[in-house]
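Reproduced below: query_35.txt, with compact mmCIF, C-alpha atoms and all ligand atoms.
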# COMPACT_ATOMS: atom_id res chain seq x y z
CA MET A 1170 -75.28 349.47 203.27
CA ASP A 1171 -77.23 346.33 202.51
CA VAL A 1172 -79.69 344.80 204.94
CA LEU A 1173 -77.43 341.86 205.78
CA HIS A 1174 -74.62 344.22 206.72
CA ILE A 1175 -76.93 346.21 209.03
CA ILE A 1176 -78.17 342.99 210.67
CA ASN A 1177 -74.56 341.91 211.21
CA ILE A 1178 -73.64 345.19 212.90
CA LYS A 1179 -76.72 344.95 215.10
CA MET A 1180 -75.90 341.37 216.09
CA SER A 1181 -72.33 342.21 216.91
CA ILE A 1182 -73.48 345.03 219.20
CA GLU A 1183 -75.99 342.75 220.92
CA ASN A 1184 -73.36 340.06 221.45
CA LYS A 1185 -71.19 342.49 223.39
CA ILE A 1186 -73.87 342.87 226.05
CA ASP A 1187 -73.35 340.98 229.28
CA LYS A 1188 -76.81 339.65 230.14
CA GLY A 1189 -75.74 339.24 233.74
CA LYS A 1190 -74.99 342.94 234.17
CA ILE A 1191 -78.15 344.63 232.97
CA PRO A 1192 -79.10 347.79 234.90
CA LYS A 1193 -82.44 347.61 236.69
CA HIS A 1194 -83.25 351.25 236.04
CA VAL A 1195 -82.25 353.52 233.16
CA ALA A 1196 -83.17 357.21 233.06
CA ILE A 1197 -83.13 359.28 229.89
CA ILE A 1198 -83.03 363.03 229.29
CA MET A 1199 -84.62 363.12 225.85
CA ASP A 1200 -83.06 366.24 224.36
CA GLY A 1201 -82.60 367.73 220.90
CA ASN A 1202 -86.09 367.66 219.39
CA GLY A 1203 -85.99 371.37 218.59
CA ARG A 1204 -82.59 371.22 216.88
CA TRP A 1205 -83.65 368.15 214.92
CA ALA A 1206 -86.67 370.07 213.58
CA LYS A 1207 -84.74 373.27 212.93
CA SER A 1208 -82.11 371.49 210.86
CA ARG A 1209 -84.93 370.24 208.64
CA GLY A 1210 -86.68 373.61 208.39
CA LYS A 1211 -89.61 372.25 210.40
CA MET A 1212 -91.55 373.56 213.40
CA ARG A 1213 -90.25 372.52 216.83
CA LEU A 1214 -93.39 370.50 217.40
CA ALA A 1215 -92.48 368.25 214.47
CA GLY A 1216 -89.33 367.38 216.42
CA HIS A 1217 -91.38 366.51 219.49
CA GLN A 1218 -93.66 364.30 217.38
CA GLU A 1219 -90.69 362.46 215.90
CA GLY A 1220 -89.21 362.18 219.39
CA ALA A 1221 -92.30 360.34 220.60
CA LYS A 1222 -91.35 357.50 218.25
CA SER A 1223 -87.96 357.20 219.92
CA VAL A 1224 -89.67 356.54 223.24
CA LYS A 1225 -91.14 353.37 221.71
CA LYS A 1226 -87.66 352.23 220.65
CA ALA A 1227 -86.33 352.78 224.16
CA LEU A 1228 -89.20 350.76 225.63
CA GLU A 1229 -88.50 347.96 223.16
CA VAL A 1230 -84.85 347.75 224.22
CA CYS A 1231 -85.93 347.57 227.88
CA GLY A 1232 -88.18 344.66 226.97
CA GLU A 1233 -85.41 342.91 225.03
CA LEU A 1234 -82.80 343.28 227.77
CA GLY A 1235 -85.04 342.91 230.81
CA ILE A 1236 -84.49 346.44 232.15
CA LYS A 1237 -87.23 346.77 234.77
CA TYR A 1238 -87.57 350.56 235.08
CA LEU A 1239 -87.31 353.25 232.42
CA THR A 1240 -87.69 356.89 233.43
CA VAL A 1241 -87.94 359.55 230.75
CA TYR A 1242 -87.70 363.29 231.31
CA ALA A 1243 -90.57 364.50 229.16
CA PHE A 1244 -91.27 367.98 230.56
CA SER A 1245 -89.40 369.88 233.24
CA THR A 1246 -90.69 372.49 235.68
CA GLU A 1247 -88.62 375.00 233.70
CA ASN A 1248 -90.20 373.94 230.39
CA TRP A 1249 -93.40 375.81 231.42
CA ASN A 1250 -91.43 378.94 230.49
CA ARG A 1251 -91.35 377.99 226.80
CA PRO A 1252 -93.61 379.78 224.31
CA GLN A 1253 -97.28 379.04 225.02
CA ALA A 1254 -97.82 377.40 221.62
CA GLU A 1255 -95.02 374.90 222.21
CA VAL A 1256 -96.27 374.08 225.72
CA SER A 1257 -99.81 373.42 224.54
CA GLY A 1258 -98.48 371.45 221.56
CA LEU A 1259 -96.52 369.24 223.93
CA MET A 1260 -99.57 368.71 226.17
CA SER A 1261 -101.70 367.71 223.15
CA LEU A 1262 -98.94 365.37 222.01
CA LEU A 1263 -98.96 363.76 225.43
CA VAL A 1264 -102.70 363.10 225.21
CA SER A 1265 -102.56 361.80 221.62
CA SER A 1266 -99.58 359.55 222.43
CA ILE A 1267 -101.47 357.91 225.29
CA ASP A 1268 -104.48 357.40 223.01
CA LYS A 1269 -102.31 355.88 220.31
CA GLU A 1270 -99.97 353.71 222.38
CA PHE A 1271 -101.95 352.72 225.47
CA ASP A 1272 -103.37 349.37 224.28
CA GLU A 1273 -100.03 348.09 223.01
CA MET A 1274 -98.17 349.18 226.14
CA ASN A 1275 -100.78 347.52 228.31
CA LYS A 1276 -100.55 344.31 226.26
CA LEU A 1277 -96.78 344.31 226.71
CA GLY A 1278 -97.21 344.39 230.48
CA ILE A 1279 -95.94 347.93 230.92
CA LYS A 1280 -96.90 349.70 234.14
CA ILE A 1281 -97.27 353.44 233.61
CA HIS A 1282 -96.19 355.79 236.35
CA VAL A 1283 -95.81 359.57 236.47
CA ILE A 1284 -93.60 361.74 238.67
CA GLY A 1285 -94.04 365.50 238.87
CA GLU A 1286 -96.70 368.11 239.54
CA LEU A 1287 -99.67 366.40 237.90
CA ASP A 1288 -101.96 369.15 239.13
CA LYS A 1289 -100.26 371.65 236.86
CA LEU A 1290 -101.16 369.68 233.73
CA PRO A 1291 -104.29 370.45 231.70
CA GLU A 1292 -107.31 368.60 233.09
CA ASN A 1293 -107.72 366.23 230.10
CA ALA A 1294 -104.04 365.21 230.19
CA LYS A 1295 -104.19 364.61 233.93
CA LYS A 1296 -107.36 362.51 233.61
CA LYS A 1297 -105.88 360.39 230.83
CA LEU A 1298 -102.70 359.80 232.79
CA LEU A 1299 -104.51 358.85 235.99
CA LEU A 1300 -106.65 356.38 234.05
CA ALA A 1301 -103.58 354.89 232.34
CA ILE A 1302 -101.86 354.53 235.73
CA GLU A 1303 -104.92 352.86 237.24
CA LYS A 1304 -105.43 350.46 234.31
CA THR A 1305 -101.80 349.33 234.24
CA LYS A 1306 -101.17 349.15 237.98
CA ASN A 1307 -100.99 345.33 238.01
CA ASN A 1308 -98.60 345.05 235.04
CA ASP A 1309 -95.14 343.90 236.03
CA LYS A 1310 -92.95 343.44 232.97
CA LEU A 1311 -91.55 346.97 233.00
CA THR A 1312 -92.33 350.18 234.86
CA PHE A 1313 -92.37 353.19 232.56
CA ILE A 1314 -91.96 356.39 234.57
CA VAL A 1315 -92.72 359.66 232.84
CA ALA A 1316 -91.31 362.78 234.49
CA LEU A 1317 -93.83 365.51 233.75
CA SER A 1318 -93.68 369.00 235.19
CA TYR A 1319 -90.89 367.43 237.21
CA SER A 1320 -87.71 368.84 238.65
CA GLY A 1321 -85.25 367.43 241.13
CA ARG A 1322 -85.44 370.47 243.38
CA TRP A 1323 -89.24 370.29 243.42
CA ASP A 1324 -89.01 366.61 244.38
CA ILE A 1325 -86.58 367.27 247.26
CA LEU A 1326 -88.48 370.30 248.56
CA ASN A 1327 -91.74 368.36 248.41
CA ALA A 1328 -90.19 365.52 250.38
CA VAL A 1329 -88.83 367.93 253.00
CA LYS A 1330 -92.30 369.48 253.47
CA SER A 1331 -93.86 366.07 253.83
CA VAL A 1332 -91.27 364.91 256.37
CA VAL A 1333 -91.71 368.14 258.38
CA LYS A 1334 -95.46 367.47 258.49
CA ASP A 1335 -94.79 363.98 259.86
CA VAL A 1336 -92.61 365.48 262.59
CA GLU A 1337 -95.30 368.04 263.44
CA ASN A 1338 -97.90 365.29 263.63
CA ASN A 1339 -95.63 363.25 265.91
CA LYS A 1340 -95.35 360.44 263.36
CA ILE A 1341 -91.57 360.47 263.72
CA ASP A 1342 -88.93 362.08 265.91
CA ALA A 1343 -86.61 364.38 263.94
CA LYS A 1344 -83.56 362.51 265.24
CA ASP A 1345 -84.89 359.25 263.73
CA ILE A 1346 -85.10 360.53 260.15
CA ASP A 1347 -82.69 358.49 258.06
CA TYR A 1348 -82.15 358.04 254.32
CA ASN A 1349 -84.79 355.34 254.07
CA TYR A 1350 -87.39 357.53 255.72
CA PHE A 1351 -86.51 360.52 253.55
CA GLU A 1352 -86.49 358.52 250.30
CA ALA A 1353 -89.96 357.20 251.06
CA HIS A 1354 -91.18 360.81 250.65
CA LEU A 1355 -89.64 361.36 247.23
CA ALA A 1356 -91.71 360.98 244.05
CA THR A 1357 -89.67 357.88 243.24
CA VAL A 1358 -90.63 355.96 246.38
CA GLY A 1359 -90.25 352.22 245.79
CA ILE A 1360 -88.20 352.71 242.62
CA PRO A 1361 -84.48 351.85 242.76
CA ASP A 1362 -82.04 354.63 241.83
CA PRO A 1363 -81.06 354.63 238.14
CA GLU A 1364 -77.72 352.90 237.55
CA LEU A 1365 -77.46 354.66 234.20
CA LEU A 1366 -78.47 358.09 232.90
CA ILE A 1367 -78.47 358.77 229.17
CA ARG A 1368 -78.69 362.28 227.71
CA THR A 1369 -78.96 362.88 223.99
CA SER A 1370 -78.15 365.96 221.89
CA GLY A 1371 -74.62 366.66 223.13
CA GLU A 1372 -75.61 368.68 226.20
CA GLU A 1373 -73.74 367.50 229.26
CA ARG A 1374 -75.83 368.64 232.21
CA ILE A 1375 -78.54 367.32 234.52
CA SER A 1376 -81.06 370.16 233.95
CA ASN A 1377 -82.74 369.68 237.33
CA PHE A 1378 -83.62 366.02 236.70
CA LEU A 1379 -83.40 363.37 239.45
CA LEU A 1380 -80.92 365.29 241.61
CA TYR A 1381 -81.14 363.05 244.66
CA GLN A 1382 -81.55 359.75 242.84
CA LEU A 1383 -78.65 360.25 240.40
CA ALA A 1384 -76.09 360.50 243.22
CA TYR A 1385 -74.17 357.44 241.97
CA SER A 1386 -75.53 356.89 238.46
CA GLU A 1387 -73.20 356.36 235.54
CA LEU A 1388 -73.67 359.15 232.98
CA PHE A 1389 -73.72 358.54 229.23
CA PHE A 1390 -73.81 361.47 226.82
CA THR A 1391 -74.33 361.15 223.09
CA ASP A 1392 -74.49 363.76 220.32
CA VAL A 1393 -77.40 361.92 218.71
CA LEU A 1394 -80.55 364.08 218.78
CA TRP A 1395 -83.53 362.44 220.47
CA PRO A 1396 -85.60 361.96 217.28
CA ASP A 1397 -82.60 360.09 215.80
CA PHE A 1398 -82.23 357.86 218.88
CA SER A 1399 -81.97 354.23 217.86
CA LYS A 1400 -81.83 350.88 219.59
CA GLU A 1401 -78.13 350.75 218.66
CA VAL A 1402 -77.42 353.93 220.65
CA PHE A 1403 -79.20 352.43 223.64
CA TYR A 1404 -77.23 349.17 223.31
CA GLN A 1405 -74.01 351.18 223.03
CA ALA A 1406 -74.85 353.02 226.25
CA ILE A 1407 -75.42 349.71 228.02
CA ILE A 1408 -72.08 348.32 226.78
CA ASP A 1409 -70.35 351.51 227.95
CA TYR A 1410 -72.03 351.21 231.35
CA GLN A 1411 -70.97 347.57 231.68
CA ASN A 1412 -67.34 348.55 231.15
CA ARG A 1413 -67.31 351.11 233.96
CA GLU A 1414 -65.94 350.29 237.37
CA ARG A 1415 -68.53 351.42 239.91
CA ARG A 1416 -66.53 352.05 243.05
CA PHE A 1417 -69.00 353.86 245.37
CA GLY A 1418 -66.13 355.54 247.17
CA LYS A 1419 -64.04 352.41 247.60
CA THR A 1420 -60.71 351.67 245.92
CA SER A 1421 -60.41 349.72 242.72
CA GLU A 1422 -58.64 346.90 244.64
CA GLN A 1423 -61.54 346.59 247.05
CA ILE A 1424 -63.93 346.21 244.14
CA THR A 1425 -61.96 343.62 242.20
CA ASN A 1426 -60.96 341.44 245.17
C1 LIG A 1501 -86.35 368.00 224.40
O1 LIG A 1501 -86.02 368.64 223.22
C2 LIG A 1501 -87.83 367.98 224.65
C3 LIG A 1501 -88.28 368.83 225.75
C4 LIG A 1501 -87.53 369.53 226.54
C5 LIG A 1501 -89.72 368.90 225.97
P1 LIG A 1501 -85.85 370.21 223.15
O2 LIG A 1501 -87.16 370.80 222.79
O3 LIG A 1501 -85.23 370.73 224.37
O4 LIG A 1501 -84.86 370.34 221.92
P2 LIG A 1501 -83.66 371.38 221.77
O5 LIG A 1501 -82.80 371.28 222.96
O6 LIG A 1501 -84.28 372.74 221.64
O7 LIG A 1501 -82.97 370.96 220.51
C1 LIG A 1502 -84.35 369.02 229.78
O1 LIG A 1502 -84.17 369.53 228.50
C2 LIG A 1502 -85.78 368.69 230.00
C3 LIG A 1502 -86.33 367.61 229.18
C4 LIG A 1502 -85.67 366.87 228.36
C5 LIG A 1502 -87.73 367.38 229.35
P1 LIG A 1502 -84.08 371.09 228.22
O2 LIG A 1502 -83.80 371.22 226.78
O3 LIG A 1502 -85.28 371.78 228.73
O4 LIG A 1502 -82.82 371.49 229.11
P2 LIG A 1502 -81.89 372.79 229.08
O5 LIG A 1502 -82.79 373.95 229.31
O6 LIG A 1502 -81.24 372.86 227.75
O7 LIG A 1502 -80.91 372.56 230.17
MG MG A 1503 -83.30 370.99 224.93
Would you mind giving the structure from this file in structure tokens?
Amino acid sequence: MDVLHIINIKMSIENKIDKGKIPKHVAIIMDGNGRWAKSRGKMRLAGHQEGAKSVKKALEVCGELGIKYLTVYAFSTENWNRPQAEVSGLMSLLVSSIDKEFDEMNKLGIKIHVIGELDKLPENAKKKLLLAIEKTKNNDKLTFIVALSYSGRWDILNAVKSVVKDVENNKIDAKDIDYNYFEAHLATVGIPDPELLIRTSGEERISNFLLYQLAYSELFFTDVLWPDFSKEVFYQAIIDYQNRERRFGKTSEQITN
């Protein structure tokens, strides 16, 4: 395919996007790094390294379309059970990625945020992340949320414990706890629920990601492995999302009238 042909395809995809119907928040389960590496006879870590490049592409699309929040599932609570060498490789990759990408992300106005059990991370990774969060706290172009040592069940349980403490300390009466109050105790406080969830690699499951927050998200699954993720795949997911009818329990007639 010549360059002109590729540009034409790209433009025709972009033209299909309704700029008035851009989701505020997209969440991604970045899956398939290991299979990508295996199919090339490489170590799993090589897949993770290549996958880090795809994160940049996703951030670029958010910038282009004006998506305000991007959450990526980078490491789950369950991922601690992987072989020690892979876990430490992933932690080192996290540190080196911040070192490499921080200045550019900051320049682009990206606010870095982390959800998950930060205390479980190695000290140097935790320090780097906290510094990155502090330095970017006033940026407002796009909030980039990294789910690290995160799981949906952890998030919900943590919120329950925190709400119970408030009841014990007489901050609130149990009968007054409503959704708003509960949500303010989740790791995602202040962040709107994702309208769209993308998962790569052909797996069609949630894997303990944002269990509470995904209640009404549109789900988009693609066979593309995360290291092969491209802007076109992201655009395709947005087009697919824009063609869904989001009914929130109502009838189609109620939505269209
Ligand atoms: C996703 O890719 C990255 C993490 C879970 C950290 P995987 O490492 O799960 O890749 P597969 O599923 O084995 O191909
Ligand atoms: C989910 O991927 C977690 C991340 C992408 C960080 P996994 O590859 O760990 O999920 P399962 O185990 O196949 O469900
Ligand atoms: Mg996987």
_Around ligand LIG 1502 (chain A), which protein and nucleic acid residues have at least one atom no more than 10 Å from it, if we count all atoms listed in the file? List them as a PyMOL selection string._
chain A and resi 1197-1204+1241-1251+1315-1320+1368-1370+1372-1378+1395
*Distance query Pro1363 (chain A) at most 7 Å, all atoms listed in the file, self and fewer than 3 positions along chain excluded, as a list in words*: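 Skipping anything fewer than 3 positions along the chain leaves His1194, Val1195, Ala1196, Leu1366, Gln1382, Leu1383 and Ser1386 of chain A.
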*Distance CA of Lys1400 (chain A)-CA of Ala1227 (chain A), one decimal place?*
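These two atoms are separated by 6.7 Å.
The closest residue to Ser1261 (chain A), picked from A:Ile1408, A:Ala1294, A:Leu1239, A:Ile1281 and counting only C-alpha atoms, is A:Ala1294.
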*Non-local contacts of region 1348-1355 of chain A (10 Å; all atoms listed in the file; under 5 positions in same chain excluded) as a PyMOL selection string*: chain A and resi 1284+1321+1323-1332+1341+1360+1381-1382
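Using only C-alpha atoms for every distance, the candidate list A:Glu1255, A:Glu1229, A:Asp1187, A:Asp1309 yields A:Glu1255 as the residue closest to Leu1214 (chain A).
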*Can you work out which one of A:Gln1423, A:Ser1223, A:Asn1339, A:Ser1266 has the shortest atom-to-atom distance to Glu1401 (chain A), counting only C-alpha atoms?*
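Using only C-alpha atoms, Glu1401 (chain A) sits closest to A:Ser1223.
Distances to ligand MG 1503 (chain A) were evaluated for A:Leu1311, A:Ile1424, A:Ala1254, A:Leu1394 using all atoms listed in the file, and the minimum falls at A:Leu1394.
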*Identify, on the basis of only C-alpha atoms, every residue whose closest approach to Glu1233 (chain A) does not exceed 12 Å; exclude the query and any residue fewer than 3 positions from it along the same chain; express the result as a PyMOL selection string.*
chain A and resi 1183+1186+1188+1191+1226-1230+1236-1237+1277+1310-1311+1400+1403-1404
*Find, counting all atoms listed in the file, the residue in A:Lys1222, A:Ala1206, A:Lys1211, A:Asp1171 that gets nearest to Phe1398 (chain A).*
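Closest to Phe1398 (chain A) of all the choices is A:Lys1222.
Atom pair CA of Asn1338 (chain A) / CA of Glu1286 (chain A): separated by 24.3 Å.
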*Which is closer to ligand LIG 1501 (chain A) than all the others in A:Glu1414, A:Asp1409, A:Asp1392, A:Glu1270, using all atoms listed in the file?*
A:Asp1392
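The space between CA of Ala1356 (chain A) and atom C3 of ligand LIG 1501 (chain A) spans 20.2 Å.
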_Neighbouring residues of Asp1268 (chain A) were defined as those with any atom within 12 Å, considering all atoms listed in the file; residues of the same chain fewer than 5 positions away were excluded. Please report them as a ChimeraX atom specification._
/A:1261-1263,1273-1275,1293-1294,1297-1298,1300-1301
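By only C-alpha atoms, and with residues fewer than 5 positions from Arg1413 (chain A) along its chain excluded, the set lying at most 12 Å from it is Lys1190, Glu1364, Leu1365, Ser1386, Glu1387, Leu1388, Phe1389, Ala1406, Ile1407, Ile1408, Ser1421 and Ile1424 of chain A.
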